[in-house]
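Undergrad: Below: one structure in C-alpha cells.
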Amino acid sequence: MIKLDAPIIPWIGMGNIDLYSQLSELYPLLTQEEVKVKLLGKFLIRYEINNSIDLWFNLINGKLFKLTALSNYTGTLFERIKIGMHIDEVLKIEPSFEYDEFEEVYCSNKGIYIETDPTNDLVLWISVYIKEIENQDFESGNW
C-alpha cells in the first residue's frame with residue numbers, strides 16, 4: 001500500500017497516503033507491516049513503518065495530521081529534495097525554509113518541516129502536515 005518512491009506533496013500527503021485519512025482506513029496497513037507505535041501526550045499517536053514513513057494521528061477524531069518520510073523513503077519533495085541531501089542544496093531549491101531554533105527544524109509556510117543531522121547538515125526526515133496543525137483547538141480534534 002505504501003509507495004516509497006511516491007512524491008512528497010505538501011498539504012496532500014506522501015507514499016500513496018493522504019493527510020486527513022481516517023485511522024480505520026489504514027488499519028490493514030498498520031496490522032500487516034512491522035510497526036512501532038508511540039503515544040504522544042494523551043491524544044496523539046505515531047506509527048512508524050519500517051523506518052520508511054511515520055503516520056501521525058489525532059485519536060479524538062481519528063484523522064491523519066502529519067506524514068514523515070524517514071531514511072528508507074526515496075520519493076522527492078518538489079521533484080528534487082530528498083532524504084540525505086545537504087540542507088544548503090535544499091535552500092537553493094526552496095528558499096522558503098527558515099530554521100526554527102526552538103524546534104530545531106527547518107520550516108516552510110508551504111506545510112513542510114525538515115530535520116537535519118546537526119553534525120553534517122544532511123536531511124534526516126521530511127514532514128508534511130495539515131493546515132489546521134497551528135489552530136488552538138487542534139489537539140481537541142476540531143478540524
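Chain identifiers are assigned as A, B, and so on, following the order in which chains appear in the C-alpha cells; residues are numbered from 1 within each chain, and ligands are numbered from 1 in order of appearance.
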Just want the 10 Å neighbourhood of region 105-120 of chain A, counted on only C-alpha atoms, with same-chain residues fewer than 4 positions away dropped. Output as a JSON list (two decimals) with C-alpha atoms, in the first residue's frame.
TA:
[["chain", "number", "residue", "atom", "x", "y", "z"],
["A", 8, "ILE", "CA", 6.10, 14.18, -1.17],
["A", 9, "ILE", "CA", 3.28, 16.70, -1.67],
["A", 10, "PRO", "CA", 2.74, 19.49, 0.88],
["A", 11, "TRP", "CA", -0.80, 19.76, 2.31],
["A", 12, "ILE", "CA", -1.68, 16.49, 0.47],
["A", 66, "LYS", "CA", 1.19, 14.57, 9.60],
["A", 67, "LEU", "CA", 3.31, 12.23, 7.50],
["A", 68, "THR", "CA", 7.08, 11.96, 7.85],
["A", 69, "ALA", "CA", 9.46, 10.47, 5.28],
["A", 77, "LEU", "CA", 9.70, 16.91, -2.44],
["A", 83, "ILE", "CA", 16.36, 12.41, 2.38],
["A", 84, "GLY", "CA", 20.15, 12.53, 2.69],
["A", 85, "MET", "CA", 20.83, 15.71, 0.74],
["A", 86, "HIS", "CA", 22.64, 18.70, 2.26],
["A", 87, "ILE", "CA", 20.45, 21.48, 3.63],
["A", 90, "VAL", "CA", 17.57, 22.26, -0.18],
["A", 91, "LEU", "CA", 17.67, 26.01, 0.48],
["A", 94, "GLU", "CA", 13.29, 26.03, -1.93],
["A", 95, "PRO", "CA", 14.22, 29.31, -0.19],
["A", 96, "SER", "CA", 11.00, 29.41, 1.88],
["A", 97, "PHE", "CA", 12.59, 27.24, 4.59],
["A", 98, "GLU", "CA", 13.62, 29.02, 7.78],
["A", 99, "TYR", "CA", 15.40, 27.46, 10.73],
["A", 100, "ASP", "CA", 13.36, 27.29, 13.94],
["A", 101, "GLU", "CA", 15.85, 27.43, 16.83],
["A", 124, "LEU", "CA", 17.14, 13.17, 8.15],
["A", 125, "TRP", "CA", 13.41, 13.44, 7.57],
["A", 126, "ILE", "CA", 10.78, 15.45, 5.71],
["A", 127, "SER", "CA", 7.28, 16.00, 7.11],
["A", 128, "VAL", "CA", 4.12, 17.33, 5.52],
["A", 129, "TYR", "CA", 1.16, 18.28, 7.67],
["A", 130, "ILE", "CA", -2.36, 19.70, 7.65],
["A", 131, "LYS", "CA", -3.07, 23.43, 7.70],
["A", 133, "ILE", "CA", -1.96, 21.96, 12.97]]
Undergrad: Run DSSP on the backbone and grab whatever in region 19-72 of chain A lands in helix (DSSP H, G or I); send it over as a list in words.
TA: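 Here is the list: Leu23, Ser24, Glu25, Leu26, Tyr27, Pro28, Leu29, Leu30, Thr31 and Gln32 of chain A.
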Undergrad: Excluding Gly41 (chain A) and any residue of its chain fewer than 3 positions from it, enumerate the residues within 12 Å of it, using only C-alpha atoms, and give them as a ChimeraX atom specification.
TA: /A:38,44-46,57-59,139
Undergrad: Quick one: pick out all strand (DSSP E or B) residues within chain A from a backbone DSSP run and write them as a PyMOL selection string.
TA: chain A and resi 8-9+13-14+17-18+22+35-40+44-49+53-58+63-69+77+81+86+98-100+105-108+112-116+122-129
Undergrad: Which one is closest to Phe78 (chain A): A:Asn142, A:Met1, A:Ile93, A:Asn51? Count only C-alpha atoms.
TA: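 The answer is A:Ile93, which sits nearest to Phe78 (chain A).
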Undergrad: Please identify all polymer residues within 8 Å of Asn72 (chain A), counting only C-alpha atoms, omitting same-chain residues fewer than 2 positions from it, and present them as a VMD selection string.
TA: chain A and resid 4 50 to 53 69 to 70 74
Undergrad: Would you save the residues from that selection as a PDB file, in the first residue's frame, using C-alpha atoms?
TA:
ATOM      1  CA  LEU A   4       8.163   4.597  -1.065  1.00  0.00           C
ATOM      2  CA  ASN A  50       9.886   0.013   8.589  1.00  0.00           C
ATOM      3  CA  ASN A  51      11.981   3.167   9.013  1.00  0.00           C
ATOM      4  CA  SER A  52      10.302   4.492   5.865  1.00  0.00           C
ATOM      5  CA  ILE A  53       7.349   6.586   6.977  1.00  0.00           C
ATOM      6  CA  ALA A  69       9.456  10.474   5.282  1.00  0.00           C
ATOM      7  CA  LEU A  70      12.295   8.591   7.002  1.00  0.00           C
ATOM      8  CA  THR A  74      13.022   7.522  -1.758  1.00  0.00           C
TER       9      THR A  74
END
Undergrad: Please determine, counting only C-alpha atoms, which residue among A:Gly62, A:Phe43, A:Val123, A:Thr31 has the shortest atom-to-atom distance to Lys82 (chain A).
TA: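 Of A:Gly62, A:Phe43, A:Val123, A:Thr31, the one nearest Lys82 (chain A), counting only C-alpha atoms, is A:Val123.
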Undergrad: Please, what distance in Å, to one decimal, runs between CA of Glu34 (chain A) and CA of Tyr47 (chain A)?
TA: 9.9 Å
Undergrad: Distance CA of Ile81 (chain A)-CA of Trp143 (chain A), one decimal place?
TA: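 We find that CA of Ile81 (chain A) and CA of Trp143 (chain A) lie 29.4 Å from each other.
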Undergrad: Using only C-alpha atoms for the distances, tell me which of A:Ser71, A:Gln136, A:Lys63, A:Asp121 is nearest to Glu25 (chain A).
TA: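 Smallest distance to Glu25 (chain A) is found for A:Lys63.
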Undergrad: Env of Asn16 (chain A): 8 Å cut, atoms = only C-alpha atoms, seq-sep filter 4 positions within chain, self excluded. Answer as a list in words.
TA: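 Listing them by chain and then by number gives Met1, Ile2, Lys3 and Ala6 of chain A.
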Undergrad: Write the residues of the preceding selection, restricted to all heavy atoms, as a PDB file, in the first residue's frame.
TA:
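Listing of selection35.pdb after writing:
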ATOM      1  N   MET A   1       0.811  -1.192   0.000  1.00  0.00           N
ATOM      2  CA  MET A   1       0.000   0.000   0.000  1.00  0.00           C
ATOM      3  C   MET A   1       0.857   1.260   0.000  1.00  0.00           C
ATOM      4  O   MET A   1       0.551   2.213  -0.676  1.00  0.00           O
ATOM      5  CB  MET A   1      -0.944  -0.017   1.191  1.00  0.00           C
ATOM      6  CG  MET A   1      -1.864   1.162   1.250  1.00  0.00           C
ATOM      7  SD  MET A   1      -3.045   0.960   2.593  1.00  0.00           S
ATOM      8  CE  MET A   1      -4.120   2.287   2.203  1.00  0.00           C
ATOM      9  N   ILE A   2       1.963   1.272   0.757  1.00  0.00           N
ATOM     10  CA  ILE A   2       2.849   2.429   0.756  1.00  0.00           C
ATOM     11  C   ILE A   2       3.737   2.354  -0.469  1.00  0.00           C
ATOM     12  O   ILE A   2       4.326   1.324  -0.769  1.00  0.00           O
ATOM     13  CB  ILE A   2       3.734   2.472   2.018  1.00  0.00           C
ATOM     14  CG1 ILE A   2       2.888   2.645   3.265  1.00  0.00           C
ATOM     15  CG2 ILE A   2       4.735   3.619   1.917  1.00  0.00           C
ATOM     16  CD1 ILE A   2       3.680   2.605   4.543  1.00  0.00           C
ATOM     17  N   LYS A   3       3.843   3.476  -1.156  1.00  0.00           N
ATOM     18  CA  LYS A   3       4.717   3.571  -2.322  1.00  0.00           C
ATOM     19  C   LYS A   3       5.887   4.473  -1.928  1.00  0.00           C
ATOM     20  O   LYS A   3       5.749   5.693  -1.884  1.00  0.00           O
ATOM     21  CB  LYS A   3       3.942   4.128  -3.503  1.00  0.00           C
ATOM     22  CG  LYS A   3       4.685   4.060  -4.779  1.00  0.00           C
ATOM     23  CD  LYS A   3       3.825   4.460  -5.952  1.00  0.00           C
ATOM     24  CE  LYS A   3       4.694   4.353  -7.186  1.00  0.00           C
ATOM     25  NZ  LYS A   3       4.079   4.934  -8.338  1.00  0.00           N
ATOM     26  N   ALA A   6       6.949   7.486  -4.115  1.00  0.00           N
ATOM     27  CA  ALA A   6       5.927   8.479  -4.492  1.00  0.00           C
ATOM     28  C   ALA A   6       6.384   9.873  -4.076  1.00  0.00           C
ATOM     29  O   ALA A   6       7.104  10.037  -3.092  1.00  0.00           O
ATOM     30  CB  ALA A   6       4.597   8.138  -3.822  1.00  0.00           C
TER      31      ALA A   6
END
